[in-house]
>>> print(open('my_file-v2.cif').read())   # mmCIF, C-alpha atoms and all ligand atoms
data_target
#
loop_
_atom_site.label_atom_id
_atom_site.label_comp_id
_atom_site.auth_asym_id
_atom_site.auth_seq_id
_atom_site.Cartn_x
_atom_site.Cartn_y
_atom_site.Cartn_z
CA MET N 1 -20.01 -3.46 -36.05
CA SER N 2 -22.32 -3.88 -33.12
CA ASP N 3 -25.42 -5.84 -32.41
CA THR N 4 -27.30 -6.47 -29.21
CA ALA N 5 -26.38 -9.30 -26.91
CA SER N 6 -29.73 -10.93 -27.56
CA SER N 7 -29.02 -11.69 -31.19
CA GLY N 8 -26.91 -14.65 -32.13
CA ILE N 9 -26.44 -17.55 -29.84
CA GLY N 10 -29.85 -18.26 -28.43
CA MET N 11 -30.35 -15.68 -25.74
CA GLY N 12 -33.95 -14.74 -25.03
CA THR N 13 -35.10 -11.26 -25.84
CA THR N 14 -35.87 -10.67 -22.15
CA LEU N 15 -32.09 -10.71 -21.65
CA ALA N 16 -31.52 -7.87 -24.08
CA PRO N 17 -30.63 -5.01 -21.79
CA ALA N 18 -29.97 -1.81 -23.68
CA TRP N 19 -26.91 -1.15 -21.52
CA LEU N 20 -25.17 -4.31 -22.74
CA GLN N 21 -24.18 -4.47 -26.40
CA ARG N 22 -22.32 -7.14 -28.30
CA VAL N 23 -19.39 -5.48 -30.07
CA THR N 24 -17.47 -7.43 -32.66
CA PRO N 25 -13.92 -6.44 -33.51
CA ALA N 26 -12.36 -7.68 -36.73
CA ALA N 27 -9.61 -9.71 -35.06
CA ARG N 28 -8.06 -10.68 -31.74
CA PHE N 29 -4.62 -12.09 -30.96
CA VAL N 30 -2.83 -13.19 -27.84
CA LEU N 31 0.89 -12.46 -28.11
CA GLN N 32 3.46 -13.91 -25.75
CA GLY N 33 7.15 -13.12 -25.85
CA GLY N 34 10.06 -11.36 -24.21
CA PRO N 35 10.68 -7.60 -24.18
CA SER N 36 12.27 -7.49 -27.64
CA ALA N 37 9.45 -9.47 -29.28
CA LEU N 38 6.84 -7.27 -27.61
CA ALA N 39 8.70 -4.14 -28.71
CA ALA N 40 8.95 -5.42 -32.27
CA ALA N 41 5.22 -6.13 -32.33
CA ALA N 42 4.41 -2.66 -31.02
CA ARG N 43 6.64 -1.10 -33.71
CA ALA N 44 4.85 -3.09 -36.40
CA LEU N 45 1.50 -2.00 -35.03
CA GLY N 46 2.56 1.63 -34.81
CA ILE N 47 1.43 1.99 -31.19
CA PRO N 48 3.33 1.92 -27.87
CA ASP N 49 3.55 -1.40 -26.05
CA ALA N 50 1.12 -1.81 -23.16
CA ASP N 51 4.11 -2.42 -20.95
CA ALA N 52 2.85 -2.22 -17.37
CA PRO N 53 0.15 -3.95 -15.33
CA GLY N 54 -3.28 -2.58 -16.16
CA ARG N 55 -1.96 -0.55 -19.09
CA CYS N 56 -3.64 -0.34 -22.50
CA SER N 57 -2.36 1.35 -25.60
CA GLY N 58 -3.65 2.24 -29.03
CA GLU N 59 -6.01 5.02 -27.98
CA GLY N 60 -7.06 7.03 -31.01
CA THR N 61 -6.18 4.19 -33.40
CA THR N 62 -8.14 1.17 -34.61
CA LEU N 63 -6.12 -1.13 -32.33
CA THR N 64 -6.34 -1.86 -28.62
CA LEU N 65 -3.41 -3.54 -26.87
CA ILE N 66 -3.96 -4.74 -23.31
CA TRP N 67 -1.31 -5.92 -20.80
CA LEU N 68 -2.29 -9.39 -19.61
CA GLY N 69 0.98 -10.42 -18.00
CA PRO N 70 4.69 -9.51 -18.00
CA ASP N 71 5.13 -11.33 -21.32
CA GLU N 72 1.54 -11.51 -22.54
CA ARG N 73 -0.69 -9.07 -24.42
CA LEU N 74 -4.19 -9.13 -25.88
CA LEU N 75 -4.49 -7.32 -29.18
CA ILE N 76 -7.91 -6.27 -30.41
CA ALA N 77 -8.14 -5.00 -33.99
CA TRP N 78 -11.32 -3.14 -34.75
CA LEU N 79 -10.90 -2.96 -38.53
CA GLU N 80 -7.96 -5.01 -39.83
CA ASP N 81 -8.79 -8.68 -40.38
CA ALA N 82 -6.88 -11.52 -38.72
CA ALA N 83 -5.16 -12.75 -41.89
CA SER N 84 -3.65 -9.39 -42.73
CA LEU N 85 -2.75 -8.47 -39.16
CA GLY N 86 -1.34 -11.92 -38.41
CA ALA N 87 0.88 -11.80 -41.50
CA ARG N 88 2.12 -8.34 -40.58
CA LEU N 89 2.98 -9.41 -37.04
CA GLU N 90 4.62 -12.68 -38.09
CA ALA N 91 6.85 -10.73 -40.46
CA ALA N 92 7.84 -8.33 -37.67
CA LEU N 93 8.46 -11.19 -35.22
CA ALA N 94 10.49 -13.40 -37.55
CA GLY N 95 13.48 -14.87 -35.76
CA GLN N 96 12.20 -13.94 -32.29
CA ALA N 97 10.90 -16.46 -29.76
CA HIS N 98 7.20 -15.77 -29.40
CA SER N 99 3.71 -17.19 -29.55
CA LEU N 100 1.01 -15.47 -31.59
CA VAL N 101 -2.44 -17.04 -31.37
CA ASP N 102 -5.49 -15.95 -33.32
CA VAL N 103 -8.31 -15.89 -30.75
CA THR N 104 -10.74 -13.88 -32.87
CA GLN N 105 -13.48 -16.50 -32.60
CA ARG N 106 -12.64 -17.74 -29.11
CA GLN N 107 -14.17 -14.81 -27.30
CA VAL N 108 -16.86 -12.21 -27.69
CA GLY N 109 -16.89 -8.56 -26.73
CA LEU N 110 -19.59 -6.93 -24.63
CA ARG N 111 -19.85 -3.22 -24.02
CA LEU N 112 -21.38 -2.33 -20.68
CA ALA N 113 -22.34 1.33 -20.57
CA ALA N 114 -24.57 2.51 -17.75
CA ALA N 115 -24.41 4.79 -14.74
CA PHE N 116 -24.41 1.64 -12.57
CA ALA N 117 -21.79 -0.19 -14.66
CA ALA N 118 -19.07 -0.40 -11.99
CA ASP N 119 -21.52 -1.41 -9.26
CA LEU N 120 -22.99 -4.06 -11.52
CA LEU N 121 -19.56 -5.44 -12.36
CA ASN N 122 -18.75 -5.58 -8.66
CA CYS N 123 -21.67 -7.97 -8.18
CA GLY N 124 -19.41 -10.58 -9.76
CA CYS N 125 -15.96 -9.04 -10.08
CA PRO N 126 -13.90 -8.55 -6.91
CA LEU N 127 -11.60 -5.93 -8.43
CA ASP N 128 -11.49 -2.45 -6.90
CA LEU N 129 -13.18 -0.41 -9.64
CA ASP N 130 -12.83 2.97 -7.95
CA PRO N 131 -11.70 5.25 -10.81
CA ALA N 132 -8.68 6.17 -8.68
CA ARG N 133 -7.59 2.52 -8.54
CA PHE N 134 -8.79 1.36 -11.97
CA PRO N 135 -8.77 4.54 -14.05
CA VAL N 136 -10.22 5.10 -17.50
CA GLY N 137 -7.92 3.39 -19.99
CA SER N 138 -7.05 0.49 -17.70
CA GLY N 139 -7.37 -3.13 -18.73
CA THR N 140 -6.77 -6.46 -17.05
CA ARG N 141 -7.72 -10.09 -16.94
CA THR N 142 -9.94 -10.74 -13.94
CA LEU N 143 -12.95 -12.70 -12.84
CA PHE N 144 -16.73 -12.36 -13.09
CA ASN N 145 -18.20 -14.95 -10.77
CA LYS N 146 -17.00 -18.22 -12.26
CA THR N 147 -15.75 -17.03 -15.61
CA ASP N 148 -12.52 -15.33 -16.65
CA ILE N 149 -12.95 -11.99 -18.35
CA VAL N 150 -10.72 -9.27 -19.69
CA LEU N 151 -12.02 -5.93 -18.50
CA TRP N 152 -11.14 -2.68 -20.24
CA ARG N 153 -12.41 0.64 -18.90
CA ARG N 154 -13.28 2.96 -21.79
CA GLY N 155 -14.96 5.57 -19.63
CA VAL N 156 -15.96 6.00 -16.00
CA ASP N 157 -19.26 4.22 -16.70
CA ASP N 158 -18.26 2.49 -19.92
CA PHE N 159 -16.56 -0.92 -19.94
CA HIS N 160 -15.55 -3.41 -22.62
CA ILE N 161 -15.62 -7.04 -21.53
CA GLU N 162 -13.99 -9.92 -23.37
CA VAL N 163 -15.36 -13.33 -22.42
CA TRP N 164 -14.87 -16.78 -23.87
CA ARG N 165 -17.71 -17.51 -26.25
CA SER N 166 -19.28 -20.41 -24.36
CA PHE N 167 -19.45 -18.32 -21.17
CA GLU N 168 -21.27 -15.39 -22.76
CA ASP N 169 -24.72 -16.70 -21.98
CA TYR N 170 -23.75 -17.27 -18.34
CA LEU N 171 -22.27 -13.79 -18.06
CA VAL N 172 -25.19 -12.01 -19.71
CA ARG N 173 -27.82 -13.84 -17.69
CA TRP N 174 -25.95 -13.18 -14.46
CA MET N 175 -25.65 -9.49 -15.27
CA ALA N 176 -29.30 -9.19 -16.27
CA GLU N 177 -30.28 -10.77 -12.96
CA ALA N 178 -27.95 -8.56 -10.90
CA ALA N 179 -29.03 -5.46 -12.81
CA GLN N 180 -32.54 -5.70 -11.40
CA ASP N 181 -31.10 -4.10 -8.28
CA PHE N 182 -29.99 -1.10 -10.33
CA ALA N 183 -32.40 -0.87 -13.27
CA PRO N 184 -35.61 -2.66 -12.31
CA GLN N 185 -37.42 -1.21 -15.30
CA ARG N 186 -34.75 -2.65 -17.64
CA MET D 1 -11.90 -9.20 0.89
CA LEU D 2 -8.43 -10.63 1.43
CA LEU D 3 -5.95 -8.80 -0.80
CA ILE D 4 -2.82 -10.56 -2.01
CA ARG D 5 0.09 -8.56 -3.38
CA CYS D 6 1.05 -10.09 -6.73
CA PRO D 7 4.73 -9.24 -7.36
CA HIS D 8 3.72 -8.21 -10.90
CA CYS D 9 0.30 -6.56 -10.49
CA GLY D 10 0.20 -5.27 -6.92
CA GLU D 11 -2.67 -5.84 -4.50
CA ARG D 12 -5.48 -7.88 -6.00
CA PRO D 13 -8.49 -9.75 -4.60
CA GLU D 14 -7.97 -13.29 -3.37
CA PRO D 15 -10.48 -14.99 -5.75
CA GLU D 16 -8.13 -14.18 -8.64
CA PHE D 17 -5.44 -16.42 -7.12
CA ALA D 18 -4.87 -20.16 -6.90
CA TYR D 19 -2.78 -21.93 -4.28
CA GLY D 20 0.16 -23.90 -5.63
CA GLY D 21 1.60 -25.89 -2.72
CA GLU D 22 4.86 -25.53 -0.83
CA ALA D 23 7.58 -23.40 -2.43
CA HIS D 24 11.28 -24.06 -2.98
CA ILE D 25 10.97 -27.79 -3.64
CA ALA D 26 13.53 -28.59 -6.32
CA ARG D 27 13.05 -31.60 -8.57
CA PRO D 28 16.10 -33.88 -8.28
CA ALA D 29 18.37 -33.19 -11.23
CA ASP D 30 18.92 -36.91 -11.90
CA PRO D 31 15.73 -38.76 -10.93
CA ALA D 32 17.18 -42.17 -11.88
CA ALA D 33 19.87 -41.76 -9.23
CA VAL D 34 17.37 -41.09 -6.42
CA SER D 35 16.19 -43.93 -4.14
CA ASP D 36 12.50 -44.80 -4.06
CA ASP D 37 12.22 -43.41 -0.54
CA ASP D 38 13.85 -40.13 -1.48
CA TRP D 39 11.70 -39.86 -4.59
CA ALA D 40 8.56 -40.50 -2.54
CA ALA D 41 9.69 -37.81 -0.09
CA TYR D 42 10.24 -35.38 -2.96
CA LEU D 43 6.78 -36.13 -4.32
CA TYR D 44 4.72 -36.31 -1.17
CA LEU D 45 6.38 -35.11 2.03
CA ARG D 46 5.72 -31.49 2.91
CA THR D 47 6.55 -29.25 5.85
CA ASN D 48 2.94 -28.72 7.00
CA ALA D 49 4.12 -25.74 9.00
CA LYS D 50 2.16 -24.20 11.83
CA GLY D 51 3.18 -20.58 11.41
CA VAL D 52 5.26 -19.05 8.62
CA HIS D 53 5.13 -21.13 5.45
CA ALA D 54 6.78 -20.49 2.08
CA GLU D 55 4.33 -21.44 -0.64
CA ARG D 56 3.57 -21.01 -4.32
CA TRP D 57 0.61 -19.05 -5.57
CA ARG D 58 -0.54 -18.32 -9.07
CA HIS D 59 -2.31 -15.13 -10.15
CA THR D 60 -4.47 -17.29 -12.39
CA ARG D 61 -7.19 -14.74 -13.13
CA GLY D 62 -4.77 -11.85 -13.48
CA CYS D 63 -1.30 -11.92 -14.99
CA GLY D 64 -1.23 -15.73 -14.91
CA ARG D 65 2.21 -15.86 -13.28
CA PHE D 66 3.35 -18.11 -10.44
CA PHE D 67 5.07 -16.43 -7.50
CA ASN D 68 6.02 -17.28 -3.93
CA ALA D 69 4.56 -16.07 -0.65
CA LEU D 70 5.33 -16.25 3.04
CA ARG D 71 2.05 -16.80 4.84
CA ASP D 72 1.27 -17.48 8.47
CA THR D 73 -0.87 -20.61 8.40
CA THR D 74 -2.40 -19.85 11.81
CA THR D 75 -3.67 -16.38 10.92
CA ASP D 76 -3.81 -16.53 7.08
CA ARG D 77 -1.78 -13.32 7.07
CA PHE D 78 0.46 -12.80 4.03
CA ILE D 79 3.83 -11.62 5.33
CA ALA D 80 5.61 -11.20 1.98
CA THR D 81 5.30 -12.13 -1.67
CA TYR D 82 8.20 -12.41 -4.11
CA LYS D 83 8.86 -13.51 -7.68
CA SER D 84 9.60 -17.10 -8.62
CA GLY D 85 13.34 -17.65 -8.66
CA GLU D 86 14.01 -15.15 -5.88
CA LYS D 87 15.29 -16.33 -2.51
CA ARG D 88 13.00 -16.70 0.45
CA PRO D 89 13.14 -13.43 2.42
CA GLU D 90 14.98 -13.82 5.73
CA GLY D 91 13.95 -12.76 9.19
CA LEU D 92 10.23 -12.20 8.59
CA ARG D 93 7.65 -13.42 11.03
ZN ZN N 201 -0.41 -10.67 -11.22
#
>>> encode(input="my_file-v2.cif", output="structure tokens")
Amino acid sequence: MSDTASSGIGMGTTLAPAWLQRVTPAARFVLQGGPSALAAAARALGIPDADAPGRCSGEGTTLTLIWLGPDERLLIAWLEDAASLGARLEAALAGQAHSLVDVTQRQVGLRLAAAFAADLLNCGCPLDLDPARFPVGSGTRTLFNKTDIVLWRRGVDDFHIEVWRSFEDYLVRWMAEAAQDFAPQR
Amino acid sequence: MLLIRCPHCGERPEPEFAYGGEAHIARPADPAAVSDDDWAAYLYLRTNAKGVHAERWRHTRGCGRFFNALRDTTTDRFIATYKSGEKRPEGLR
């Protein structure tokens, strides 16, 4: 399920910080639709809709649903493959106006777990990451320097980052550079 | 950090947002019936207000939605933000 960020697409081993791991879910979808389509999808998934800004659902299951916008969700499936999940959702959404896009290969997942995780993120992300403002279980689309990310807080010092594949190298290098302020021994 | 209140997400940092030009400019319903001068005015002429300005913003790196804002162009202070489709709030300075 997980390999280090240094394996794969040509990143040098010097950029293989132990606190940053590549994590690879089985499938990802972006779903757009009105309230009834989103409710139908949530019913089919067997989890509550992530129906408010910053909200995530699916805790304790093999799915993670993240609110991206009033009519937009990111679905991460940790076990079920895209073909099976897509078919299940399409069946549930039949007859409803919606857009369901398989983005499994578009982005990669990085798990940032370190005591300095929030401070490191704030080197490039302007979001207020105080646990009172962005509590454990929150998720949102935001920014890390020049690249869009989706940030999901799994624990106080434990974040999951979704980034478009071609920006991964940029993100990882930037973080490795910034991390020298926090973990010079790496 | 300048915080902008997205009508959907609440207060968020300015780098997540993109400016979208003056608000409340309606495209003529029947473009073929509009004179060249009026069409050019629709396309290009803007208020260029010194002071309170109604303008579009997009929470590009957040919820992705467009919304409207009243902003004072001399101080860069955001006076109000409101959802697309809602009327410009009255009496705010
Ligand atoms: Zn927003």
>>> residues_near_ligand(input="my_file-v2.cif", ligand="ligand ZN 201 (chain N)", cutoff="10 Å", atoms="all atoms listed in the file", output="mmCIF file with C-alpha atoms, in the frame of the given file")
data_model
loop_
_atom_site.group_PDB
_atom_site.id
_atom_site.type_symbol
_atom_site.label_atom_id
_atom_site.label_comp_id
_atom_site.auth_asym_id
_atom_site.auth_seq_id
_atom_site.Cartn_x
_atom_site.Cartn_y
_atom_site.Cartn_z
ATOM 1 C CA PRO N 53 0.150 -3.950 -15.330
ATOM 2 C CA GLY N 54 -3.280 -2.580 -16.160
ATOM 3 C CA LEU N 68 -2.290 -9.390 -19.610
ATOM 4 C CA GLY N 69 0.980 -10.420 -18.000
ATOM 5 C CA PRO N 70 4.690 -9.510 -18.000
ATOM 6 C CA THR N 140 -6.770 -6.460 -17.050
ATOM 7 C CA ARG N 141 -7.720 -10.090 -16.940
ATOM 8 C CA THR N 142 -9.940 -10.740 -13.940
ATOM 9 C CA ILE D 4 -2.820 -10.560 -2.010
ATOM 10 C CA ARG D 5 0.090 -8.560 -3.380
ATOM 11 C CA CYS D 6 1.050 -10.090 -6.730
ATOM 12 C CA PRO D 7 4.730 -9.240 -7.360
ATOM 13 C CA HIS D 8 3.720 -8.210 -10.900
ATOM 14 C CA CYS D 9 0.300 -6.560 -10.490
ATOM 15 C CA GLY D 10 0.200 -5.270 -6.920
ATOM 16 C CA GLU D 11 -2.670 -5.840 -4.500
ATOM 17 C CA ARG D 12 -5.480 -7.880 -6.000
ATOM 18 C CA GLU D 16 -8.130 -14.180 -8.640
ATOM 19 C CA PHE D 17 -5.440 -16.420 -7.120
ATOM 20 C CA ARG D 58 -0.540 -18.320 -9.070
ATOM 21 C CA HIS D 59 -2.310 -15.130 -10.150
ATOM 22 C CA THR D 60 -4.470 -17.290 -12.390
ATOM 23 C CA ARG D 61 -7.190 -14.740 -13.130
ATOM 24 C CA GLY D 62 -4.770 -11.850 -13.480
ATOM 25 C CA CYS D 63 -1.300 -11.920 -14.990
ATOM 26 C CA GLY D 64 -1.230 -15.730 -14.910
ATOM 27 C CA ARG D 65 2.210 -15.860 -13.280
ATOM 28 C CA PHE D 66 3.350 -18.110 -10.440
ATOM 29 C CA PHE D 67 5.070 -16.430 -7.500
#
>>> interface_residues(input="my_file-v2.cif", of="chain N", to="chain D", cutoff="12 Å", atoms="only C-alpha atoms", output="PyMOL selection string")
chain N and resi 32+51-55+66-74+122+124-129+133-134+139-151
>>> atom_distance(input="my_file-v2.cif", atom1="CA of Thr24 (chain N)", atom2="CA of Trp78 (chain N)")
7.8 Å
>>> atom_distance(input="my_file-v2.cif", atom1="CA of Tyr42 (chain D)", atom2="CA of Ala18 (chain D)")
21.8 Å
>>> closest_residue(input="my_file-v2.cif", among="D:Leu2, D:Pro31, D:Glu90, D:Gly21", to="Tyr44 (chain D)", atoms="all atoms listed in the file")
D:Gly21
>>> atom_distance(input="my_file-v2.cif", atom1="CA of Arg88 (chain D)", atom2="CA of Arg56 (chain D)")
11.4 Å
>>> closest_residue(input="my_file-v2.cif", among="N:Gln21, N:Gly34, N:Met175, N:Ala26", to="His98 (chain N)", atoms="all atoms listed in the file")
N:Gly34
>>> closest_residue(input="my_file-v2.cif", among="N:Phe159, N:Pro25, N:Ala40, N:Val30", to="Leu120 (chain N)", atoms="all atoms listed in the file")
N:Phe159
>>> residues_around(input="my_file-v2.cif", residues="region 112-119 of chain N", least_positions_apart="6", cutoff="9 Å", atoms="all atoms listed in the file", output="PyMOL selection string")
chain N and resi 18-21+129-130+155-161+179+182-183
>>> closest_residue(input="my_file-v2.cif", among="D:Leu92, D:Pro28, D:Asp72, D:Thr81", to="Gly51 (chain D)", atoms="all atoms listed in the file")
D:Asp72
>>> decode(input="my_file-v2.cif", residues="region 74-85 of chain D", atoms="all heavy atoms", output="compact mmCIF listing (two decimals), in the first residue's frame")
# COMPACT_ATOMS: atom_id res chain seq x y z
N THR D 74 -9.27 52.04 -2.17
CA THR D 74 -8.21 52.91 -1.65
C THR D 74 -7.51 52.29 -0.44
O THR D 74 -6.36 52.63 -0.15
CB THR D 74 -8.76 54.29 -1.24
OG1 THR D 74 -9.74 54.10 -0.21
CG2 THR D 74 -9.40 54.99 -2.43
N THR D 75 -8.20 51.39 0.25
CA THR D 75 -7.60 50.79 1.46
C THR D 75 -7.42 49.29 1.34
O THR D 75 -6.79 48.67 2.19
CB THR D 75 -8.50 51.04 2.69
OG1 THR D 75 -9.78 50.42 2.44
CG2 THR D 75 -8.71 52.52 2.93
N ASP D 76 -7.97 48.67 0.29
CA ASP D 76 -7.97 47.23 0.09
C ASP D 76 -8.77 46.51 1.18
O ASP D 76 -8.59 45.31 1.39
CB ASP D 76 -6.55 46.67 0.02
CG ASP D 76 -6.48 45.34 -0.73
OD1 ASP D 76 -7.42 45.05 -1.50
OD2 ASP D 76 -5.51 44.59 -0.54
N ARG D 77 -9.63 47.23 1.87
CA ARG D 77 -10.44 46.60 2.91
C ARG D 77 -11.67 45.95 2.29
O ARG D 77 -12.38 46.58 1.50
CB ARG D 77 -10.88 47.64 3.94
CG ARG D 77 -11.59 47.03 5.15
CD ARG D 77 -11.77 48.08 6.25
NE ARG D 77 -12.82 49.04 5.91
CZ ARG D 77 -14.11 48.89 6.20
NH1 ARG D 77 -14.52 47.82 6.85
NH2 ARG D 77 -14.98 49.81 5.86
N PHE D 78 -11.91 44.68 2.64
CA PHE D 78 -13.13 43.99 2.20
C PHE D 78 -14.26 44.38 3.14
O PHE D 78 -14.17 44.16 4.36
CB PHE D 78 -12.93 42.48 2.20
CG PHE D 78 -12.23 41.98 0.97
CD1 PHE D 78 -10.86 42.14 0.83
CD2 PHE D 78 -12.94 41.39 -0.07
CE1 PHE D 78 -10.21 41.71 -0.32
CE2 PHE D 78 -12.29 40.95 -1.22
CZ PHE D 78 -10.92 41.12 -1.34
N ILE D 79 -15.31 44.97 2.59
CA ILE D 79 -16.42 45.45 3.41
C ILE D 79 -17.46 44.35 3.57
O ILE D 79 -18.04 44.18 4.64
CB ILE D 79 -17.05 46.70 2.75
CG1 ILE D 79 -15.97 47.79 2.66
CG2 ILE D 79 -18.28 47.18 3.49
CD1 ILE D 79 -16.23 48.82 1.59
N ALA D 80 -17.71 43.60 2.51
CA ALA D 80 -18.69 42.51 2.56
C ALA D 80 -18.40 41.54 1.42
O ALA D 80 -17.84 41.92 0.39
CB ALA D 80 -20.12 43.05 2.44
N THR D 81 -18.77 40.28 1.63
CA THR D 81 -18.76 39.31 0.53
C THR D 81 -20.13 38.64 0.51
O THR D 81 -20.78 38.53 1.54
CB THR D 81 -17.66 38.25 0.71
OG1 THR D 81 -17.80 37.63 1.99
CG2 THR D 81 -16.27 38.86 0.60
N TYR D 82 -20.56 38.24 -0.67
CA TYR D 82 -21.89 37.63 -0.80
C TYR D 82 -21.89 36.72 -2.01
O TYR D 82 -21.06 36.83 -2.91
CB TYR D 82 -22.97 38.71 -0.91
CG TYR D 82 -22.72 39.81 -1.92
CD1 TYR D 82 -23.42 39.85 -3.13
CD2 TYR D 82 -21.78 40.81 -1.68
CE1 TYR D 82 -23.19 40.85 -4.06
CE2 TYR D 82 -21.55 41.82 -2.61
CZ TYR D 82 -22.25 41.84 -3.79
OH TYR D 82 -22.01 42.82 -4.72
N LYS D 83 -22.85 35.77 -2.01
CA LYS D 83 -22.87 34.74 -3.05
C LYS D 83 -23.26 35.33 -4.40
O LYS D 83 -24.04 36.29 -4.47
CB LYS D 83 -23.84 33.63 -2.68
CG LYS D 83 -23.35 32.78 -1.52
CD LYS D 83 -24.36 31.70 -1.16
CE LYS D 83 -23.86 30.89 0.03
NZ LYS D 83 -24.86 29.96 0.55
N SER D 84 -22.76 34.72 -5.46
CA SER D 84 -23.19 35.08 -6.81
C SER D 84 -24.70 34.96 -6.89
O SER D 84 -25.28 34.01 -6.36
CB SER D 84 -22.56 34.14 -7.84
OG SER D 84 -21.18 34.34 -7.87
N GLY D 85 -25.34 35.92 -7.55
CA GLY D 85 -26.78 35.88 -7.69
C GLY D 85 -27.50 36.70 -6.63
O GLY D 85 -28.67 37.04 -6.80
